[in-house]
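Undergrad: One file: data_16.cif (mmCIF, C-alpha atoms (C1' of nucleotides)).
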data_my_file
loop_
_atom_site.label_atom_id
_atom_site.label_comp_id
_atom_site.auth_asym_id
_atom_site.auth_seq_id
_atom_site.Cartn_x
_atom_site.Cartn_y
_atom_site.Cartn_z
CA MET A 26 283.06 -9.45 128.09
CA THR A 27 283.08 -10.14 131.76
CA VAL A 28 282.40 -7.44 134.30
CA ASP A 29 282.53 -8.10 138.02
CA GLN A 30 280.89 -6.38 140.92
CA LEU A 31 283.69 -3.91 141.46
CA ASP A 32 283.44 -2.82 137.84
CA VAL A 33 279.73 -2.29 138.23
CA ARG A 34 280.13 -0.32 141.43
CA LEU A 35 282.80 1.77 139.77
CA VAL A 36 280.70 2.52 136.72
CA ALA A 37 277.68 3.25 138.87
CA LEU A 38 279.71 5.62 141.01
CA LEU A 39 281.04 7.45 137.99
CA GLU A 40 277.58 7.73 136.48
CA GLU A 41 276.33 9.39 139.61
CA GLU A 42 279.29 11.67 140.24
CA PRO A 43 281.43 11.75 137.15
CA ARG A 44 283.74 14.51 138.31
CA ILE A 45 285.19 12.79 141.34
CA GLY A 46 288.44 11.38 140.01
CA VAL A 47 290.35 8.20 140.62
CA LEU A 48 291.48 8.87 144.14
CA GLU A 49 288.02 9.72 145.37
CA CYS A 50 286.67 6.59 143.69
CA SER A 51 289.18 4.45 145.52
CA ARG A 52 288.08 5.96 148.82
CA ARG A 53 284.39 5.44 148.13
CA LEU A 54 284.87 1.86 147.02
CA ASN A 55 287.39 0.97 149.71
CA VAL A 56 290.01 -0.24 147.30
CA ALA A 57 293.48 0.96 146.44
CA ARG A 58 293.91 3.76 143.99
CA GLY A 59 295.93 1.52 141.68
CA THR A 60 293.05 -0.90 141.53
CA VAL A 61 290.63 1.75 140.36
CA GLN A 62 293.13 2.94 137.81
CA ALA A 63 293.67 -0.60 136.56
CA ARG A 64 289.94 -1.28 136.33
CA LEU A 65 289.26 1.89 134.40
CA ASP A 66 292.14 1.16 132.04
CA ARG A 67 290.80 -2.33 131.53
CA LEU A 68 287.24 -1.20 130.90
CA ALA A 69 288.50 1.36 128.41
CA ALA A 70 290.84 -1.13 126.73
CA ARG A 71 288.04 -3.64 126.30
CA GLY A 72 285.82 -0.98 124.84
CA VAL A 73 283.20 -1.09 127.56
CA ILE A 74 283.81 2.54 128.42
CA ILE A 75 283.93 4.45 125.17
CA GLY A 76 284.56 7.83 126.69
CA TYR A 77 283.68 10.47 129.21
CA GLY A 78 282.60 13.22 126.86
CA PRO A 79 280.19 15.89 128.01
CA GLN A 80 276.58 14.86 127.55
CA ILE A 81 274.67 17.55 125.75
CA ASP A 82 270.95 18.16 126.16
CA PRO A 83 269.56 19.25 122.78
CA ALA A 84 266.49 20.66 124.51
CA ALA A 85 268.68 23.09 126.46
CA LEU A 86 269.99 24.35 123.14
CA GLY A 87 266.44 25.00 121.99
CA PHE A 88 265.92 21.75 120.11
CA ASP A 89 263.07 20.45 122.15
CA VAL A 90 261.30 18.42 119.50
CA THR A 91 262.59 14.88 119.00
CA ALA A 92 261.38 12.69 116.18
CA PHE A 93 262.16 9.32 114.69
CA VAL A 94 262.14 9.29 110.92
CA THR A 95 262.17 6.11 108.88
CA LEU A 96 263.37 6.25 105.30
CA GLN A 97 262.85 4.25 102.18
CA ILE A 98 265.86 4.32 99.90
CA ARG A 99 265.95 3.91 96.17
CA GLN A 100 267.43 0.47 95.61
CA VAL A 101 270.12 1.41 93.15
CA SER A 102 271.81 3.82 95.52
CA GLY A 103 273.36 1.97 98.43
CA HIS A 104 272.88 2.95 102.01
CA ASP A 105 276.20 4.61 102.60
CA PRO A 106 275.97 7.57 100.25
CA VAL A 107 272.63 8.36 101.83
CA ALA A 108 274.04 8.02 105.32
CA ASP A 109 276.90 10.30 104.39
CA ARG A 110 274.46 12.98 103.29
CA LEU A 111 272.33 12.54 106.37
CA ALA A 112 275.43 12.94 108.51
CA LEU A 113 275.80 16.44 107.13
CA ILE A 114 272.51 17.52 108.72
CA PRO A 115 273.28 18.62 112.28
CA GLU A 116 269.78 17.85 113.51
CA VAL A 117 270.22 14.20 112.56
CA LEU A 118 271.61 12.77 115.76
CA GLU A 119 271.92 9.13 114.72
CA VAL A 120 271.22 6.90 111.76
CA HIS A 121 270.63 3.16 111.64
CA THR A 122 269.96 0.81 108.80
CA ILE A 123 267.12 -1.46 109.72
CA THR A 124 265.15 -4.55 108.86
CA GLY A 125 261.51 -4.41 107.83
CA GLY A 126 259.56 -2.33 105.38
CA HIS A 127 261.83 0.66 105.73
CA ASP A 128 265.54 0.95 105.16
CA MET A 129 266.80 3.48 107.66
CA LEU A 130 265.84 5.01 110.96
CA CYS A 131 267.06 8.43 112.07
CA ARG A 132 266.72 10.28 115.31
CA VAL A 133 266.31 13.95 114.62
CA VAL A 134 265.70 17.02 116.72
CA ALA A 135 264.25 20.39 115.83
CA ARG A 136 263.38 23.72 117.41
CA SER A 137 259.63 23.30 116.86
CA ASN A 138 257.20 21.30 114.82
CA ALA A 139 257.53 23.81 112.03
CA ASP A 140 261.29 23.49 112.25
CA LEU A 141 260.94 19.73 112.12
CA GLN A 142 259.30 20.14 108.75
CA ARG A 143 262.39 21.98 107.56
CA VAL A 144 264.66 19.20 108.80
CA ILE A 145 262.52 16.52 107.22
CA ASP A 146 262.57 18.44 103.97
CA GLN A 147 266.33 18.34 104.08
CA ILE A 148 266.20 14.59 104.61
CA VAL A 149 263.79 14.10 101.75
CA ASP A 150 266.06 16.15 99.53
CA VAL A 151 268.90 13.71 100.09
CA HIS A 152 269.53 11.90 96.84
CA GLY A 153 268.25 8.34 97.02
CA VAL A 154 265.60 8.96 99.69
CA VAL A 155 262.26 7.94 98.27
CA ARG A 156 259.89 8.34 101.18
CA THR A 157 259.97 9.21 104.85
CA GLU A 158 257.69 8.54 107.74
CA SER A 159 257.98 10.43 111.01
CA VAL A 160 256.84 9.92 114.52
CA ILE A 161 257.31 12.61 117.11
CA ALA A 162 258.43 11.76 120.63
CA LEU A 163 255.88 13.31 122.93
CA ASP A 164 257.56 12.30 126.14
CA THR A 165 260.52 10.23 127.25
CA PRO A 166 259.52 8.30 130.34
CA VAL A 167 262.79 6.34 130.27
CA PRO A 168 265.71 8.46 129.05
CA TYR A 169 268.70 6.68 127.59
CA ARG A 170 270.55 4.73 130.24
CA THR A 171 272.93 1.82 130.43
CA LEU A 172 273.45 1.33 134.13
CA PRO A 173 270.80 -1.40 134.52
CA LEU A 174 272.40 -3.18 131.60
CA VAL A 175 275.83 -3.00 133.18
CA LYS A 176 274.37 -4.45 136.35
CA ALA A 177 272.70 -7.19 134.36
CA ALA A 178 275.93 -7.97 132.53
CA GLN A 179 277.70 -8.56 135.81
CA ARG A 180 279.56 -11.83 136.28
CA MET B 2 269.90 29.17 124.96
CA THR B 3 272.78 31.00 123.44
CA VAL B 4 276.14 29.39 122.88
CA ASP B 5 279.08 31.25 121.45
CA GLN B 6 282.13 30.10 119.60
CA LEU B 7 284.22 29.58 122.69
CA ASP B 8 281.54 27.34 124.14
CA VAL B 9 281.51 25.32 120.97
CA ARG B 10 285.27 25.00 120.89
CA LEU B 11 285.24 23.98 124.52
CA VAL B 12 282.59 21.32 124.05
CA ALA B 13 284.30 20.07 120.91
CA LEU B 14 287.60 19.84 122.75
CA LEU B 15 286.05 17.93 125.61
CA GLU B 16 284.28 15.56 123.25
CA GLU B 17 287.56 14.70 121.62
CA GLU B 18 289.68 14.45 124.75
CA PRO B 19 287.39 14.31 127.76
CA ARG B 20 290.06 13.56 130.30
CA ILE B 21 292.11 16.70 129.88
CA GLY B 22 290.82 18.91 132.68
CA VAL B 23 290.18 22.59 133.01
CA LEU B 24 293.77 23.78 132.98
CA GLU B 25 294.66 21.89 129.83
CA CYS B 26 291.52 23.22 128.15
CA SER B 27 292.53 26.76 128.94
CA ARG B 28 295.93 26.15 127.37
CA ARG B 29 294.47 24.60 124.23
CA LEU B 30 291.93 27.37 123.77
CA ASN B 31 294.30 30.19 124.70
CA VAL B 32 292.08 31.58 127.39
CA ALA B 33 292.49 31.94 131.14
CA ARG B 34 291.68 29.04 133.36
CA GLY B 35 289.00 31.01 135.13
CA THR B 36 287.25 31.59 131.84
CA VAL B 37 287.06 27.89 131.09
CA GLN B 38 285.82 27.23 134.57
CA ALA B 39 283.16 29.92 134.25
CA ARG B 40 282.03 28.64 130.86
CA LEU B 41 281.71 25.07 132.07
CA ASP B 42 279.80 26.21 135.12
CA ARG B 43 277.48 28.25 132.93
CA LEU B 44 276.89 25.41 130.47
CA ALA B 45 276.13 23.07 133.34
CA ALA B 46 273.89 25.61 135.08
CA ARG B 47 271.88 26.18 131.92
CA GLY B 48 271.48 22.46 131.44
CA VAL B 49 273.37 22.26 128.19
CA ILE B 50 275.91 19.90 129.68
CA ILE B 51 274.00 17.28 131.61
CA GLY B 52 277.00 15.36 132.82
CA TYR B 53 280.27 13.67 132.10
CA GLY B 54 279.34 10.10 132.94
CA PRO B 55 281.18 7.20 131.36
CA GLN B 56 279.70 6.21 128.03
CA ILE B 57 279.09 2.48 127.92
CA ASP B 58 279.12 0.39 124.76
CA PRO B 59 276.48 -2.33 125.12
CA ALA B 60 278.15 -4.29 122.32
CA ALA B 61 281.33 -4.55 124.38
CA LEU B 62 279.25 -6.15 127.12
CA GLY B 63 277.98 -8.73 124.67
CA PHE B 64 274.75 -7.00 123.76
CA ASP B 65 275.46 -6.56 120.10
CA VAL B 66 271.92 -6.67 118.78
CA THR B 67 270.04 -3.37 118.85
CA ALA B 68 266.37 -3.14 118.02
CA PHE B 69 263.62 -0.57 118.04
CA VAL B 70 260.33 -1.86 119.32
CA THR B 71 257.07 0.01 118.94
CA LEU B 72 254.23 -0.80 121.28
CA GLN B 73 250.50 -0.50 121.23
CA ILE B 74 249.04 0.04 124.64
CA ARG B 75 245.61 -0.92 125.87
CA GLN B 76 243.77 2.36 126.16
CA VAL B 77 242.48 1.96 129.67
CA SER B 78 245.91 1.67 131.16
CA GLY B 79 247.85 4.92 130.87
CA HIS B 80 251.34 5.16 129.55
CA ASP B 81 253.16 5.58 132.77
CA PRO B 82 252.47 2.25 134.46
CA VAL B 83 253.69 0.61 131.28
CA ALA B 84 256.79 2.76 131.17
CA ASP B 85 257.50 1.90 134.79
CA ARG B 86 257.40 -1.79 133.98
CA LEU B 87 259.54 -1.36 130.89
CA ALA B 88 262.08 0.52 132.98
CA LEU B 89 262.58 -2.65 135.01
CA ILE B 90 263.93 -4.49 131.99
CA PRO B 91 267.67 -3.76 131.79
CA GLU B 92 267.82 -4.36 128.06
CA VAL B 93 265.36 -1.52 127.49
CA LEU B 94 267.69 1.43 127.09
CA GLU B 95 265.12 4.15 126.46
CA VAL B 96 261.40 4.60 126.09
CA HIS B 97 259.46 7.32 124.31
CA THR B 98 255.78 7.92 123.88
CA ILE B 99 255.07 8.76 120.29
CA THR B 100 252.57 10.06 117.80
CA GLY B 101 251.16 7.88 115.05
CA GLY B 102 249.68 4.43 114.92
CA HIS B 103 251.73 3.18 117.83
CA ASP B 104 251.99 4.48 121.36
CA MET B 105 255.54 3.89 122.46
CA LEU B 106 258.96 3.34 121.02
CA CYS B 107 261.71 1.54 122.90
CA ARG B 108 265.33 1.01 122.12
CA VAL B 109 266.39 -2.42 123.29
CA VAL B 110 269.56 -4.46 123.10
CA ALA B 111 270.13 -8.19 123.31
CA ARG B 112 272.92 -10.72 123.16
CA SER B 113 271.64 -12.33 119.96
CA ASN B 114 268.55 -12.57 117.84
CA ALA B 115 267.33 -15.43 119.99
CA ASP B 116 267.99 -13.33 123.07
CA LEU B 117 266.06 -10.48 121.50
CA GLN B 118 263.06 -12.76 121.39
CA ARG B 119 263.39 -13.24 125.13
CA VAL B 120 263.52 -9.48 125.70
CA ILE B 121 260.55 -8.86 123.46
CA ASP B 122 258.64 -11.54 125.30
CA GLN B 123 259.29 -9.65 128.49
CA ILE B 124 257.98 -6.49 126.89
CA VAL B 125 254.87 -8.22 125.62
CA ASP B 126 254.29 -9.60 129.08
CA VAL B 127 254.07 -6.09 130.50
CA HIS B 128 250.50 -5.47 131.55
CA GLY B 129 248.78 -3.13 129.10
CA VAL B 130 250.97 -3.92 126.12
CA VAL B 131 248.74 -5.15 123.34
CA ARG B 132 251.05 -5.57 120.41
CA THR B 133 254.67 -4.94 119.50
CA GLU B 134 256.52 -4.46 116.28
CA SER B 135 260.28 -4.71 116.06
CA VAL B 136 262.92 -3.60 113.66
CA ILE B 137 266.50 -4.66 114.12
CA ALA B 138 269.33 -2.21 113.58
CA LEU B 139 271.66 -3.85 111.09
CA ASP B 140 274.25 -1.12 111.09
CA THR B 141 274.70 2.32 112.55
CA PRO B 142 276.33 4.50 109.92
CA VAL B 143 275.88 7.59 112.12
CA PRO B 144 276.29 6.82 115.81
CA TYR B 145 274.68 9.17 118.31
CA ARG B 146 276.37 12.53 118.29
CA THR B 147 275.55 16.07 119.27
CA LEU B 148 278.62 18.02 118.25
CA PRO B 149 277.25 19.12 114.86
CA LEU B 150 274.14 20.28 116.65
CA VAL B 151 276.15 22.30 119.13
CA LYS B 152 277.99 23.90 116.26
CA ALA B 153 274.70 24.66 114.53
CA ALA B 154 273.27 26.15 117.72
CA GLN B 155 276.10 28.63 117.91
CA ARG B 156 275.25 32.31 118.22
"C1'" DA C 13 279.68 58.54 131.02
"C1'" DA C 14 278.79 55.23 134.41
"C1'" DA C 15 277.82 50.65 135.69
"C1'" DA C 16 277.62 45.96 135.08
"C1'" DT C 17 279.70 41.88 133.00
"C1'" DA C 18 283.42 38.93 131.42
"C1'" DG C 19 288.12 37.92 130.87
"C1'" DT C 20 293.15 38.08 132.47
"C1'" DG C 21 297.10 36.60 134.96
"C1'" DG C 22 298.96 35.82 139.14
"C1'" DA C 23 299.22 33.86 143.79
"C1'" DC C 24 298.48 30.27 147.45
"C1'" DA C 25 297.53 25.97 149.93
"C1'" DA C 26 295.45 21.66 149.29
"C1'" DT C 27 294.75 17.89 146.52
"C1'" DA C 28 295.28 14.61 142.67
"C1'" DT C 29 298.05 12.32 139.29
"C1'" DG C 30 301.52 9.30 137.04
"C1'" DC C 31 304.81 6.22 138.14
"C1'" DT C 32 307.35 2.86 140.62
"C1'" DC C 33 308.05 -0.80 143.95
"C1'" DA C 34 307.91 -4.82 147.23
"C1'" DG C 35 304.89 -7.80 149.51
"C1'" DG C 36 300.54 -10.38 150.17
"C1'" DA C 37 296.24 -12.65 148.60
"C1'" DA C 38 293.65 -15.13 145.39
"C1'" DA C 39 293.03 -17.86 141.24
"C1'" DA C 40 294.56 -20.93 137.73
"C1'" DG C 41 297.31 -24.62 136.08
"C1'" DC C 42 299.62 -28.90 136.81
"C1'" DG D 20 298.92 -30.10 147.09
"C1'" DC D 21 302.10 -27.10 145.17
"C1'" DT D 22 303.62 -23.65 141.93
"C1'" DT D 23 302.97 -19.94 138.83
"C1'" DT D 24 300.50 -16.19 137.38
"C1'" DT D 25 297.47 -12.56 138.17
"C1'" DC D 26 295.45 -9.11 140.98
"C1'" DC D 27 295.37 -6.00 144.86
"C1'" DT D 28 297.63 -3.32 148.48
"C1'" DG D 29 299.92 0.50 150.62
"C1'" DA D 30 303.50 3.38 150.29
"C1'" DG D 31 306.63 7.01 148.30
"C1'" DC D 32 307.89 10.80 145.30
"C1'" DA D 33 307.98 14.49 141.87
"C1'" DT D 34 304.90 16.92 139.19
"C1'" DA D 35 300.45 18.78 137.82
"C1'" DT D 36 295.86 20.33 138.82
"C1'" DT D 37 292.27 22.32 141.59
"C1'" DG D 38 289.71 25.68 144.31
"C1'" DT D 39 289.82 30.08 145.80
"C1'" DC D 40 291.22 34.43 146.16
"C1'" DC D 41 292.73 39.09 144.15
"C1'" DA D 42 293.45 43.50 141.40
"C1'" DC D 43 293.35 45.05 136.76
"C1'" DT D 44 291.61 45.44 132.04
"C1'" DA D 45 288.48 45.00 128.15
"C1'" DT D 46 283.85 44.86 126.54
"C1'" DT D 47 278.97 45.59 126.70
"C1'" DT D 48 274.77 47.55 128.46
"C1'" DT D 49 272.14 51.16 130.02
#
Now that the file is in, can you turn its structure into structure tokens?
TA:
Amino acid sequence: MTVDQLDVRLVALLEEEPRIGVLECSRRLNVARGTVQARLDRLAARGVIIGYGPQIDPAALGFDVTAFVTLQIRQVSGHDPVADRLALIPEVLEVHTITGGHDMLCRVVARSNADLQRVIDQIVDVHGVVRTESVIALDTPVPYRTLPLVKAAQR
Amino acid sequence: MTVDQLDVRLVALLEEEPRIGVLECSRRLNVARGTVQARLDRLAARGVIIGYGPQIDPAALGFDVTAFVTLQIRQVSGHDPVADRLALIPEVLEVHTITGGHDMLCRVVARSNADLQRVIDQIVDVHGVVRTESVIALDTPVPYRTLPLVKAAQR
DNA sequence: AAAATAGTGGACAATATGCTCAGGAAAAGC
DNA sequence: GCTTTTCCTGAGCATATTGTCCACTATTTT
């Protein structure tokens, strides 16, 4: 979908100071309040802005180990029953089905390396999971972000 | 850090309806407004809540291909110069350094499979990147979430 | 038992919101 | 080139929310 410069400036502004509200946005961007409201409604309606939920830092909750776990699934059992089981594990933050030698990729967090073992054991215990392979994230030089993408999508 | 049941209910409420504001939260949770305000301040101060920025859906912007790319880095060049270059590519949404046979893992998006090739080419062109390996996310049965984790962290 | 901590409920002014409207500017269609 | 549609503006109004106090009451901690 098409996003113009005002949309980008609006999103950028909200990313930097999310608590400022519509009126303050309109002042900062030098446009009418109704315009900001209309743009936000439009971005939400088109699905560009999914929500404004609080962003939680797992590390602040004590889960400071992040790992990516790839899974091989027994062929007979489809992906979805496995995904449903994985979804029941709180430490599994996201699950993708993927191309290549493996079938699924999960992002998981844990309280420590020892705790990661516990989480992986839970994953292995899921019916249909044949094998797992884990890599631990040592550092995150570029944390998840979308602003550059929004800027690139402009026009 | 320690999170009690009220914190969890508050975060859960905000995840479901992020636009409701402090006063409405206090009504829904049957606590005083000042309590909600204090809890939110505390969660933010302790770093549990990083922010409330708008969540952007890359797919809605036309970037409906997601891939995970692992990189091998030439040993002489450290990780950081590479990460800095990767950060300049808008389609690179996050970068981790990892254990195992590879050195880095990136999440990237692209407008199509052909476009993914273009993005990967840019990654390969980064000085110090020796080899890449990509897997494409076909489906995301569990999209990124933290609420179950918050609930699990309770107490 | 005393002290510190957290929650309550109420007040107040200042600010923000949702909604509506008429007019002007810009873009699209013919 | 002209018309229609779309988008933005600036304003108004009633209502709701915020930030900031306060005194009082649990609930823990020491």
Undergrad: Residues near Asn114 in chain B, anyone? I mean within 10 Å using all atoms listed in the file, not counting same-chain ones fewer than 4 positions away, as a PDB file with C-alpha atoms, in the frame of the given file.
TA:
ATOM      1  CA  ASP B  65     275.460  -6.560 120.100  1.00  0.00           C
ATOM      2  CA  VAL B  66     271.920  -6.670 118.780  1.00  0.00           C
ATOM      3  CA  THR B  67     270.040  -3.370 118.850  1.00  0.00           C
ATOM      4  CA  ALA B  68     266.370  -3.140 118.020  1.00  0.00           C
ATOM      5  CA  VAL B 110     269.560  -4.460 123.100  1.00  0.00           C
ATOM      6  CA  GLN B 118     263.060 -12.760 121.390  1.00  0.00           C
ATOM      7  CA  ARG B 119     263.390 -13.240 125.130  1.00  0.00           C
ATOM      8  CA  VAL B 120     263.520  -9.480 125.700  1.00  0.00           C
ATOM      9  CA  ILE B 137     266.500  -4.660 114.120  1.00  0.00           C
TER      10      ILE B 137
END
Undergrad: Mind telling me what the PyMOL selection byres ((chain D and resi 27) around 8) catches here, as a PyMOL selection string?
TA: (chain A and resi 57+60) or (chain C and resi 37) or (chain D and resi 26+28)
Undergrad: I need the residue set behind the PyMOL selection byres ((chain B) within 8 of (chain A)) for this file; please write it as a ChimeraX atom specification.
TA: /B:2-4,12,15-20,47-63,81,84,88,90-92,94-101,136-147,149-151,153-154
Undergrad: Name the residues within 12 Å of (276.9, 44.6, 134.7), counting only C-alpha atoms (C1' of nucleotides) in the file's coordinates, and put them as a list in words.
TA: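 I get DA14, DA15, DA16, DT17 and DA18 of chain C; DT46, DT47, DT48 and DT49 of chain D for the residues within 12 Å of that point.
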Undergrad: Produce a file of the selected residues containing C-alpha atoms (C1' of nucleotides), as an mmCIF file, keeping the file's coordinate frame.
TA:
data_model
loop_
_atom_site.group_PDB
_atom_site.id
_atom_site.type_symbol
_atom_site.label_atom_id
_atom_site.label_comp_id
_atom_site.auth_asym_id
_atom_site.auth_seq_id
_atom_site.Cartn_x
_atom_site.Cartn_y
_atom_site.Cartn_z
ATOM 1 C "C1'" DA C 14 278.790 55.230 134.410
ATOM 2 C "C1'" DA C 15 277.820 50.650 135.690
ATOM 3 C "C1'" DA C 16 277.620 45.960 135.080
ATOM 4 C "C1'" DT C 17 279.700 41.880 133.000
ATOM 5 C "C1'" DA C 18 283.420 38.930 131.420
ATOM 6 C "C1'" DT D 46 283.850 44.860 126.540
ATOM 7 C "C1'" DT D 47 278.970 45.590 126.700
ATOM 8 C "C1'" DT D 48 274.770 47.550 128.460
ATOM 9 C "C1'" DT D 49 272.140 51.160 130.020
#
Undergrad: Select, as a ChimeraX atom specification, those residues of chain B with any atom no more than 12 Å from chain C (distances computed using only C-alpha atoms (C1' of nucleotides)).
TA: /B:21-22,27,31-40
Undergrad: Identify all chain D residues at most 12 Å from chain B by counting all atoms listed in the file; ligands do not count. Present them as a list in words.
TA: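 Written out as asked, the residues are DA35, DT36, DT37, DG38, DT39 and DC40 of chain D.
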Undergrad: Distance CA of Asp122 in chain B-CA of Val133 in chain A, one decimal place?
TA: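 If I compute the distance from CA of Asp122 in chain B to CA of Val133 in chain A, I get 28.7 Å.
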Undergrad: Go ahead and compute the interatomic distance for CA of Val149 in chain A and CA of Val101 in chain A, in Å to one decimal.
TA: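 Separating CA of Val149 in chain A from CA of Val101 in chain A is a distance of 16.6 Å.
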Undergrad: Would you compute the distance between CA of Cys26 in chain B and CA of Gln6 in chain B? Give it in Å to one decimal.
TA: 14.4 Å
